[in-house]
Amino acid sequence: MSGYGPYAGSSLGPTSLHVGGSGTGAARRLSKLGGGAPNPKRKRAKRPILQSFRRRFINCVLYSALLVFSLGIYKGSRYFPASIDGQEDSSNTFFSFLPAHNGSFLTGVSEAKTDITTQGLYEDIKFLNEEGGVWRQGWNVQYEGDEWNTEKLKVVVVPHSHNDPGWLRTVEEYYQERSKSILSTIVSSLKKDTRRKFIWEEMSYLERWWRDASETEKGDFKHLVRTGQLEIVGGGWVMNDEANSHFYAIIEQMIAGNMWLLETVGVVPKNAWAIDPFGHSPTMAYLLRRMGFKNMLIQRTHYEVKKALALKQNLEFMWRQSWDGSNTTDIFCHMMPFYSYDVPHTCGPEPGVCCQFDYARLPGIGKAEMCPWGHNPQIITPQNVEERAHLLLDQYRKKSTLYRSNTLLVPLGDDFRYTTMVEAEAQFTNLQKIFDYINSQPNLKAYVQFGTLEDYFSTLRAEVGPGVSTDSGSDFVPGFPSLSGDFFTYADRVHDYWSGYYVSRPFYKAVDRVLEETMRAADILYTLTSAYCKAAGAYDFPLMFNDKLVSARRNLALFQHHDGVTGTAKNHVVIDYGERMHRSVLDLLRFMSDSVHTLLSRSAKMGRCENHNKEELEFYEPEQARERYDLLPVKTTLKVTGENVRRVVLFNSLEESVEQVVTILVDDTAVCVFDSKWVPVRSQASPEWDFGGSVGGKPETGKHRLQWQAEVPAMGLQTYIISPASSSQDCETPTLANLQVFNPPQDFVCPAPYKCASKSDDHLEIKNQYQALVFGARNGLLFSVTIRDGQEITVEEELAFYSSHRSGAYLFAPDGEAVSFVEPGGLMIAVEGPLMQEVYTRPKTSKGSNAPLPVIRSARLFAGNSAQAAVAEMEYHTQLSHIAFDNKELIARFKTELNNKKVFYSDLNGFQTIRRETYEKIPLQGNYYPMPSLAFFQCPTGRRFSIHSRQALGVASLDKGWLEVMLDRRLRQDDGRGVGQGVLDNHPNSVVFHLLIEKNSTAISSLEKGSSRMQSLLSHRVGAQLNYPLHAFLGKPESLANLRSSVEEKLLRATMSPMAQNIPCDLHVVSLQSLKTAGLSDSVKHKVGLLLQRRGLDPAYGVDEDLESKKRCTTLSDGIWNLFAMFNELEMVYARQSSLNFVQDDTNEFGYLEQVHRKEGKSYRRGYLTLDPMEIEAFKLELRPRE
């Protein structure tokens, strides 16, 4: 759409206002890039738009020529068509993705060159919180009056209603009370006048309304969308949080919403709208770009950052990824300038004036309060329309001086607005009278109308000149700066930093990750099982679980809402989220158990899939039992008696084979472990510890942890057999761990059948072949780490509390520094065995015997040559449910001798890492950042210290060599941000970290500002195995003779290895899913969706030669990889490149480099793939068993 509204094209209405233009008739001039010195008055133009465009266009042409030349000399093996179809002549087509143009195929990552970095903004801003007058966080905005002499100001007023899918009420309560009527009101109101416009974001509510709406309402809705009166923006299931959500979950919630929208309404969104997430991540910008979005809007960023950008007219920019040296990831972004997205803070810089034009505040109209500034809305009459129009237009003009173009966006809405026709009529009718007056007065030099987000962006793009889609894949908009970086941590006023929600309700943040990884694993099993069973003509399974998977995906999507995973909703809403996730996890695990049985019960002849009744399907049960939504899972105790044995099947959802020491619970140590070929496996037994936290209670539960070294193929299954020791002469019983006890209570009894030794040494050491951990015997906490090169590094573990009387669900506002609560004398037990060594610590605290222990910690080292063996596992069982911990915020801090100069790196959504620096000019809480899965730092010599987490938390480096992570928080008071309560619904939780210390193997770049930091390959593997763990399933008791017979007669498989080749180590399968369970109908040709990511690697950090990962590791930089040879028993008969949300197939729409088809000599290569580091690619596939 080149114009907007009913006057699309080169003019905007009856005044024939020109939109494109050049020369003397060009639109109002843009200021120079960078804007010059800050000035509260409007800077007049120095360079016409056309001149700016010409310069940038010439640059683009030169760059394109250079790129074409580079392609001409590049090796001929890297080609990349959009699709391969087995039904067509596809022998001359390839998959490939142009590598980054920096010559590095080890990492392929180069630093982006941008006009603005958020790090640079933080360096320059003084954070003085200066009073700005009526715009308290800005300045006294003025304009000269002649800015619109050559062209009118074009104002697009965008009506909207922000509908939280859960906050003060549950999603269903909100729907019944408000959202249902809002959607019906919108449809009825827009039908009355074609000049009225509206935007809608949340598909969770639209899908719910669609089930209740009449056919007439549905038809009217579709018509309004087709004609452009109603625009779907974003179109995700929710407006997701951008701090805690993992990129996998963000993609899933977008798929859930966008696919439903395409199937139901027939539209694909191209503009994103994020007005309420508490800070913004570049990961979201990247994902939107690769989903085909052209433009995006954000709101909640630090008020000082808004001011700094506004001073130089940089509130609109091309948002670029910091690692994107090729400029393919740019997306045009509009940042709202003021405090909030409500009407008082959107029409202009003076909220007391803007509030007077919020007609929902008229008496008897809506539920909104009267204006707190003393002046309320007035119904528009012929007598007051002139005065009202001038007052409103003055605000529009002042706001427009903050932006570069002559097109102005003015949102019109708030939370749950337009609930009734009376309210809608009041807004539309009164404002339309003002618009009509302004548009009828040529001397006012303005044109105002209702519009959508598309109306705004298309009008702006038409004004500044057409965007340029370059060969680099960038959708370039001339005249605007490029920006890289993120917008955390958000502050809305003074020193109120929203860093508390990084940790609020950590129990549910952990459940979120469990549902996420279980969803991914279930999707893979569904895809594999479906392909096998359909080939055998068995259609009931797994289709019988389809609705369960759809529901689980939507419940995962729902919790990504910016008041869900953030932990910022009322208690009963949190319970609703928790119950939904709990049901979905149970459903997925039930499906996975049955899928395992189906896959292993196939006969040895490929493609056979037997039908099973319910009793046969339920042969396996998940190893972890989940009784309630608010309880931690409990390991099922395996009981083997008599002549019966039990199968333990392990499923590995990762794209690489995994070697790990695995653990199950048994009631007796007189057992044996066999592999699938009946070879005895060495094992270890140790006590299971009690983490209940009661002071003075027994440390053990009476059960035993049985551990052995397992190897499970990529995306495959592996069976082990647990047998009673008396059932086989080949039995090798587990080695019993030795226990060393420090500071035991008087009533301590050594758990049978283990041997205990009482110790009084000053320290304790546990070790494996890669490292040794030293603990202080007085407090049981980590003191130092000695790595295999012999260097001892101080890593002092500290457990401490922040006290606060202002913190709440959103805000972290400590009273002062954190204070350690651990006193000398706590119980410490060391476990020593051949497969696992552990230090179990029950710290002594100053809280007394009435309160439970706030934290119990276990530290572990594992044997082997694996990623698991390279880390120290730290498990913290937290319990802050007692009143003694009110207004306390619990942290684990690691104080090392490595001088990181208060610079560290944390991950953004599990997708990328970003540089952080601790600033003295902002308070402690402003130096806390989100840590969805990883934080690390390194010293100038290259030694790197990393903390991997399996759930989202908050992290800071408040002193040299320090890294601290907040584990939980319990707060009595509300922090004044709307939820109206504290955070007192704490649940016992298990937080697991994997600590990794690495040394550089080659020269590293300096710690200069702006330098990118990638993870090492080992770090990627550690994170993947922590966040996507092995799933264990326990079989029912069965006789050993029957089991042997079934395997020998090939009626039962003991293993499944679907991958035909090792996937390159830097390639990650983000998801493999049936598109039917994502929302597409059976008529869709492409049944399966595949998402692949190439990880960015830091070349300075290699992999230890002894690790199994090194022995079989190749990367995409070593050569190309055949996508079509990915599976063993399955054949990929069709593959088409797609957007990440699987709704667009034109690669030009989502920003990849231009694609080329070419023959290689006389032969053709098929399905070979290369991929830029950091990039994610999507494919639609059709799979079937090989003939």
# chains A, B, ... in the order shown; residues from 1 in each chain; ligands from 1
>>> residues_around(residues="Asp394 of chain A", least_positions_apart="6", cutoff="10 Å", atoms="only C-alpha atoms", output="list in words")
Gln142, Tyr143, Cys347, Gly348, Val353, Arg388 and Ser400 of chain A
>>> write_last_selection(atoms="all heavy atoms", output="compact mmCIF listing (two decimals), in the first residue's frame")
# COMPACT_ATOMS: atom_id res chain seq x y z
N GLN A 142 9.71 22.57 21.53
CA GLN A 142 9.22 23.70 20.78
C GLN A 142 9.40 23.44 19.29
O GLN A 142 10.14 22.55 18.89
CB GLN A 142 9.97 24.99 21.16
CG GLN A 142 9.84 25.37 22.63
CD GLN A 142 10.68 26.58 22.97
OE1 GLN A 142 11.22 27.25 22.08
NE2 GLN A 142 10.81 26.88 24.26
N TYR A 143 8.72 24.22 18.48
CA TYR A 143 8.92 24.18 17.04
C TYR A 143 8.89 25.61 16.52
O TYR A 143 8.34 26.52 17.15
CB TYR A 143 7.90 23.31 16.33
CG TYR A 143 6.46 23.64 16.65
CD1 TYR A 143 5.74 24.59 15.91
CD2 TYR A 143 5.79 22.99 17.69
CE1 TYR A 143 4.43 24.90 16.21
CE2 TYR A 143 4.47 23.28 17.99
CZ TYR A 143 3.79 24.23 17.24
OH TYR A 143 2.48 24.52 17.54
N CYS A 347 -0.14 11.38 22.42
CA CYS A 347 -0.44 12.41 21.41
C CYS A 347 0.64 13.47 21.35
O CYS A 347 0.82 14.13 20.32
CB CYS A 347 -1.81 13.04 21.68
SG CYS A 347 -1.82 14.51 22.73
N GLY A 348 1.39 13.66 22.44
CA GLY A 348 2.42 14.67 22.47
C GLY A 348 3.14 14.67 23.80
O GLY A 348 2.88 13.81 24.66
N VAL A 353 -2.44 17.68 28.56
CA VAL A 353 -3.20 18.08 27.38
C VAL A 353 -3.75 16.85 26.67
O VAL A 353 -4.93 16.79 26.32
CB VAL A 353 -2.32 18.91 26.43
CG1 VAL A 353 -3.08 19.22 25.13
CG2 VAL A 353 -1.89 20.20 27.11
N ARG A 388 -10.25 23.19 20.40
CA ARG A 388 -9.78 21.82 20.67
C ARG A 388 -8.81 21.35 19.59
O ARG A 388 -7.81 20.68 19.88
CB ARG A 388 -10.96 20.86 20.75
CG ARG A 388 -11.92 21.11 21.91
CD ARG A 388 -11.40 20.52 23.21
NE ARG A 388 -10.68 21.48 24.01
CZ ARG A 388 -10.04 21.19 25.12
NH1 ARG A 388 -10.00 19.95 25.58
NH2 ARG A 388 -9.39 22.12 25.80
N SER A 400 6.10 15.60 16.59
CA SER A 400 6.74 15.33 15.30
C SER A 400 8.17 15.83 15.25
O SER A 400 8.98 15.33 14.46
CB SER A 400 5.93 15.97 14.17
OG SER A 400 6.12 17.38 14.15
>>> residues_around(residues="segment 421-429 of chain A", least_positions_apart="5", cutoff="10 Å", atoms="only C-alpha atoms", output="PyMOL selection string")
chain A and resi 159+181-182+184-186+188-190+192-193+195-197+357-362+364-367+379-380+412-413+434-435+450
>>> atom_distance(atom1="atom CA of Arg583 of chain A", atom2="atom CA of Tyr629 of chain A")
8.0 Å
>>> select_by_dssp(residues="segment 456-659 of chain A", states="helix (DSSP H, G or I)", output="PyMOL selection string")
chain A and resi 456-464+500-502+506-535+540-543+546-559+571-600+614-617
>>> write_last_selection(atoms="C-alpha atoms", output="tab-separated table (two decimals), in the first residue's frame")
chain	number	residue	atom	x	y	z
A	456	TYR	CA	1.81	4.69	9.01
A	457	PHE	CA	4.82	2.72	7.79
A	458	SER	CA	3.77	2.71	4.13
A	459	THR	CA	3.15	6.46	4.23
A	460	LEU	CA	6.51	7.08	5.89
A	461	ARG	CA	8.34	4.89	3.39
A	462	ALA	CA	6.61	6.63	0.51
A	463	GLU	CA	7.63	10.00	1.90
A	464	VAL	CA	11.33	9.30	2.42
A	500	GLY	CA	13.18	-7.86	39.59
A	501	TYR	CA	11.00	-9.66	37.05
A	502	TYR	CA	14.06	-11.45	35.71
A	506	PRO	CA	11.47	-18.73	39.53
A	507	PHE	CA	9.58	-21.98	40.09
A	508	TYR	CA	7.30	-21.22	37.14
A	509	LYS	CA	10.20	-19.99	35.04
A	510	ALA	CA	11.68	-23.47	35.57
A	511	VAL	CA	8.41	-25.18	34.61
A	512	ASP	CA	8.35	-23.05	31.47
A	513	ARG	CA	11.69	-24.52	30.38
A	514	VAL	CA	10.53	-28.04	31.22
A	515	LEU	CA	7.47	-27.59	29.02
A	516	GLU	CA	9.64	-26.07	26.31
A	517	GLU	CA	12.16	-28.91	26.13
A	518	THR	CA	9.43	-31.52	26.48
A	519	MET	CA	7.47	-29.89	23.66
A	520	ARG	CA	10.52	-30.00	21.43
A	521	ALA	CA	11.22	-33.64	22.28
A	522	ALA	CA	7.59	-34.64	21.76
A	523	ASP	CA	7.55	-32.88	18.38
A	524	ILE	CA	10.53	-34.91	17.22
A	525	LEU	CA	8.98	-38.19	18.35
A	526	TYR	CA	5.65	-37.25	16.77
A	527	THR	CA	7.37	-36.55	13.47
A	528	LEU	CA	9.29	-39.83	13.49
A	529	THR	CA	6.37	-41.94	14.70
A	530	SER	CA	3.98	-40.36	12.24
A	531	ALA	CA	6.23	-41.10	9.27
A	532	TYR	CA	6.68	-44.74	10.27
A	533	CYS	CA	3.08	-45.42	11.20
A	534	LYS	CA	1.51	-43.75	8.19
A	535	ALA	CA	3.72	-45.84	5.91
A	540	ASP	CA	-4.68	-43.76	14.76
A	541	PHE	CA	-1.26	-43.28	16.31
A	542	PRO	CA	0.04	-40.66	16.78
A	543	LEU	CA	-2.94	-38.67	15.43
A	546	ASN	CA	-2.69	-34.33	17.91
A	547	ASP	CA	-5.05	-32.15	19.94
A	548	LYS	CA	-2.88	-32.64	23.02
A	549	LEU	CA	0.18	-31.35	21.19
A	550	VAL	CA	-1.73	-28.37	19.79
A	551	SER	CA	-2.96	-27.54	23.29
A	552	ALA	CA	0.53	-27.90	24.77
A	553	ARG	CA	2.01	-25.60	22.14
A	554	ARG	CA	-0.61	-22.98	22.89
A	555	ASN	CA	-0.10	-23.26	26.64
A	556	LEU	CA	3.64	-22.81	26.15
A	557	ALA	CA	2.87	-19.84	23.92
A	558	LEU	CA	0.46	-18.37	26.46
A	559	PHE	CA	3.06	-18.36	29.23
A	571	ASN	CA	-1.54	-15.25	42.43
A	572	HIS	CA	-4.64	-16.91	40.98
A	573	VAL	CA	-3.50	-16.04	37.45
A	574	VAL	CA	-0.10	-17.62	38.11
A	575	ILE	CA	-1.90	-20.72	39.32
A	576	ASP	CA	-3.88	-20.82	36.08
A	577	TYR	CA	-0.69	-20.62	34.04
A	578	GLY	CA	0.90	-23.29	36.24
A	579	GLU	CA	-2.02	-25.70	35.92
A	580	ARG	CA	-2.09	-25.31	32.15
A	581	MET	CA	1.63	-26.00	31.84
A	582	HIS	CA	1.38	-28.93	34.27
A	583	ARG	CA	-1.39	-30.58	32.25
A	584	SER	CA	0.55	-30.09	29.05
A	585	VAL	CA	3.75	-31.59	30.43
A	586	LEU	CA	1.79	-34.65	31.59
A	587	ASP	CA	0.10	-34.98	28.19
A	588	LEU	CA	3.37	-34.72	26.33
A	589	LEU	CA	5.13	-37.23	28.56
A	590	ARG	CA	2.24	-39.66	28.13
A	591	PHE	CA	2.50	-39.31	24.37
A	592	MET	CA	6.29	-39.69	24.46
A	593	SER	CA	6.01	-42.86	26.55
A	594	ASP	CA	3.58	-44.38	24.05
A	595	SER	CA	5.66	-43.20	21.12
A	596	VAL	CA	8.77	-44.89	22.54
A	597	HIS	CA	6.86	-48.13	22.86
A	598	THR	CA	5.54	-47.84	19.30
A	599	LEU	CA	8.93	-47.14	17.77
A	600	LEU	CA	10.69	-49.95	19.64
A	614	LYS	CA	-4.34	-48.62	25.33
A	615	GLU	CA	-2.93	-51.23	27.73
A	616	GLU	CA	-0.13	-52.08	25.33
A	617	LEU	CA	0.68	-48.42	24.68
>>> select_by_dssp(residues="segment 277-526 of chain A", states="strand (DSSP E)", output="PyMOL selection string")
chain A and resi 295-298+316-319+331-335+407-415+446-450+468-469+475-476+482-484+491-493+496-497
>>> write_last_selection(atoms="C-alpha atoms", output="mmCIF file, in the first residue's frame")
data_model
loop_
_atom_site.group_PDB
_atom_site.id
_atom_site.type_symbol
_atom_site.label_atom_id
_atom_site.label_comp_id
_atom_site.auth_asym_id
_atom_site.auth_seq_id
_atom_site.Cartn_x
_atom_site.Cartn_y
_atom_site.Cartn_z
ATOM 1 C CA ASN A 295 8.553 -2.967 10.422
ATOM 2 C CA MET A 296 8.261 -3.096 14.187
ATOM 3 C CA LEU A 297 7.290 -0.813 17.060
ATOM 4 C CA ILE A 298 8.588 -0.827 20.635
ATOM 5 C CA GLU A 316 13.355 5.443 14.290
ATOM 6 C CA PHE A 317 16.217 3.297 13.097
ATOM 7 C CA MET A 318 17.303 0.200 11.216
ATOM 8 C CA TRP A 319 17.809 -2.358 13.983
ATOM 9 C CA ILE A 331 14.415 -4.204 10.270
ATOM 10 C CA PHE A 332 12.878 -0.751 10.494
ATOM 11 C CA CYS A 333 11.966 0.047 14.103
ATOM 12 C CA HIS A 334 9.842 2.839 15.597
ATOM 13 C CA MET A 335 10.351 3.635 19.281
ATOM 14 C CA THR A 407 4.649 11.414 8.990
ATOM 15 C CA LEU A 408 3.598 11.062 12.611
ATOM 16 C CA LEU A 409 2.285 8.009 14.458
ATOM 17 C CA VAL A 410 -0.175 8.601 17.314
ATOM 18 C CA PRO A 411 -1.485 5.488 19.089
ATOM 19 C CA LEU A 412 -4.976 5.806 20.572
ATOM 20 C CA GLY A 413 -5.747 3.229 23.226
ATOM 21 C CA ASP A 414 -4.852 1.613 26.516
ATOM 22 C CA ASP A 415 -5.447 -1.641 28.383
ATOM 23 C CA ALA A 446 -1.793 19.135 8.479
ATOM 24 C CA TYR A 447 -3.802 16.113 7.495
ATOM 25 C CA VAL A 448 -5.039 13.793 10.247
ATOM 26 C CA GLN A 449 -6.957 10.540 10.019
ATOM 27 C CA PHE A 450 -7.413 7.205 11.685
ATOM 28 C CA VAL A 468 16.130 -0.582 -1.250
ATOM 29 C CA SER A 469 16.287 -4.372 -1.087
ATOM 30 C CA ASP A 475 15.393 -3.850 3.351
ATOM 31 C CA PHE A 476 17.073 -0.468 3.535
ATOM 32 C CA SER A 482 21.364 1.944 11.948
ATOM 33 C CA LEU A 483 21.440 0.717 15.538
ATOM 34 C CA SER A 484 22.693 -2.402 17.274
ATOM 35 C CA ALA A 491 13.672 2.020 33.930
ATOM 36 C CA ASP A 492 10.452 4.019 33.762
ATOM 37 C CA ARG A 493 11.369 6.744 36.253
ATOM 38 C CA ASP A 496 13.109 2.346 39.353
ATOM 39 C CA TYR A 497 14.760 -0.408 37.348
#
>>> closest_residue(among="A:Trp139, A:Tyr840, A:Phe674, A:Tyr1028", to="Glu700 of chain A", atoms="only C-alpha atoms")
A:Tyr840
>>> residues_around(residues="segment 642-650 of chain A", least_positions_apart="6", cutoff="8 Å", atoms="only C-alpha atoms", output="list in words")
Val712, Leu717, Gln718, Thr719, Tyr720, Ile721, Ile722, Ser723, Pro724, Ser727, Leu1030, His1031, Ala1032, Phe1033, Leu1034, Gly1035, Lys1036, Pro1037, Glu1038, Ser1039 and Leu1040 of chain A
>>> closest_atom_pairs(of="segment 968-1037 of chain A", to="segment 789-794 of chain A", cutoff="12 Å", atoms="only C-alpha atoms", output="tab-separated table")
residue	atom	partner	partner_atom	distance
A:Ile997	CA	A:Ile793	CA	9.5
A:Glu998	CA	A:Asp789	CA	10.9
A:Lys999	CA	A:Asp789	CA	9.7
>>> closest_residue(among="A:Ser949, A:Thr845, A:Thr878, A:Gln925", to="Pro988 of chain A", atoms="only C-alpha atoms")
A:Thr878
>>> residues_around(residues="Thr733 of chain A", least_positions_apart="4", cutoff="12 Å", atoms="only C-alpha atoms", output="ChimeraX atom specification")
/A:668-674,680-685,706-708,722-729
>>> closest_residue(among="A:Ser499, A:Thr264, A:Thr401, A:Gln1144", to="Phe278 of chain A", atoms="only C-alpha atoms")
A:Ser499
>>> atom_distance(atom1="atom CA of Leu453 of chain A", atom2="atom CA of Ala243 of chain A")
24.6 Å
>>> atom_distance(atom1="atom CA of Gln1015 of chain A", atom2="atom CA of Leu121 of chain A")
25.3 Å
>>> residues_around(residues="Gly833 of chain A", least_positions_apart="2", cutoff="7 Å", atoms="only C-alpha atoms", output="CSV table (one decimal) with all heavy atoms, in the first residue's frame")
chain,number,residue,atom,x,y,z
A,684,GLN,N,27.4,-47.2,39.7
A,684,GLN,CA,27.7,-46.7,41.0
A,684,GLN,C,26.4,-46.5,41.8
A,684,GLN,O,25.4,-46.1,41.2
A,684,GLN,CB,28.4,-45.4,40.9
A,684,GLN,CG,28.6,-44.6,42.2
A,684,GLN,CD,29.4,-43.3,42.0
A,684,GLN,OE1,30.3,-43.2,41.2
A,684,GLN,NE2,28.9,-42.3,42.7
A,737,ALA,N,29.4,-45.9,46.9
A,737,ALA,CA,30.2,-44.7,47.1
A,737,ALA,C,30.6,-44.7,48.6
A,737,ALA,O,29.9,-45.1,49.5
A,737,ALA,CB,29.3,-43.5,46.8
A,738,ASN,N,31.8,-44.1,48.8
A,738,ASN,CA,32.3,-43.8,50.1
A,738,ASN,C,31.8,-42.4,50.5
A,738,ASN,O,31.8,-41.5,49.7
A,738,ASN,CB,33.8,-43.9,50.2
A,738,ASN,CG,34.3,-45.3,50.0
A,738,ASN,OD1,33.7,-46.3,50.5
A,738,ASN,ND2,35.3,-45.5,49.2
A,831,VAL,N,30.6,-37.4,48.6
A,831,VAL,CA,30.4,-38.7,48.0
A,831,VAL,C,31.5,-39.0,47.0
A,831,VAL,O,31.8,-38.2,46.1
A,831,VAL,CB,29.0,-38.7,47.3
A,831,VAL,CG1,28.8,-40.0,46.6
A,831,VAL,CG2,27.9,-38.4,48.2
A,835,LEU,N,32.1,-42.9,39.2
A,835,LEU,CA,31.4,-42.2,38.1
A,835,LEU,C,30.9,-40.8,38.5
A,835,LEU,O,30.7,-40.0,37.6
A,835,LEU,CB,30.1,-43.0,37.7
A,835,LEU,CG,30.4,-44.4,37.2
A,835,LEU,CD1,29.1,-45.1,36.9
A,835,LEU,CD2,31.2,-44.3,35.9
A,836,MET,N,30.7,-40.6,39.8
A,836,MET,CA,30.3,-39.3,40.2
A,836,MET,C,30.8,-39.0,41.6
A,836,MET,O,30.8,-39.8,42.5
A,836,MET,CB,28.7,-39.2,40.3
A,836,MET,CG,28.1,-37.9,40.6
A,836,MET,SD,27.9,-37.6,42.4
A,836,MET,CE,26.6,-38.8,42.8
A,837,GLN,N,31.3,-37.7,41.8
A,837,GLN,CA,31.7,-37.3,43.1
A,837,GLN,C,30.9,-36.0,43.4
A,837,GLN,O,30.6,-35.2,42.5
A,837,GLN,CB,33.2,-37.0,43.1
A,837,GLN,CG,34.1,-38.2,42.9
A,837,GLN,CD,35.5,-38.0,43.3
A,837,GLN,OE1,35.9,-37.0,43.9
A,837,GLN,NE2,36.4,-38.9,42.9
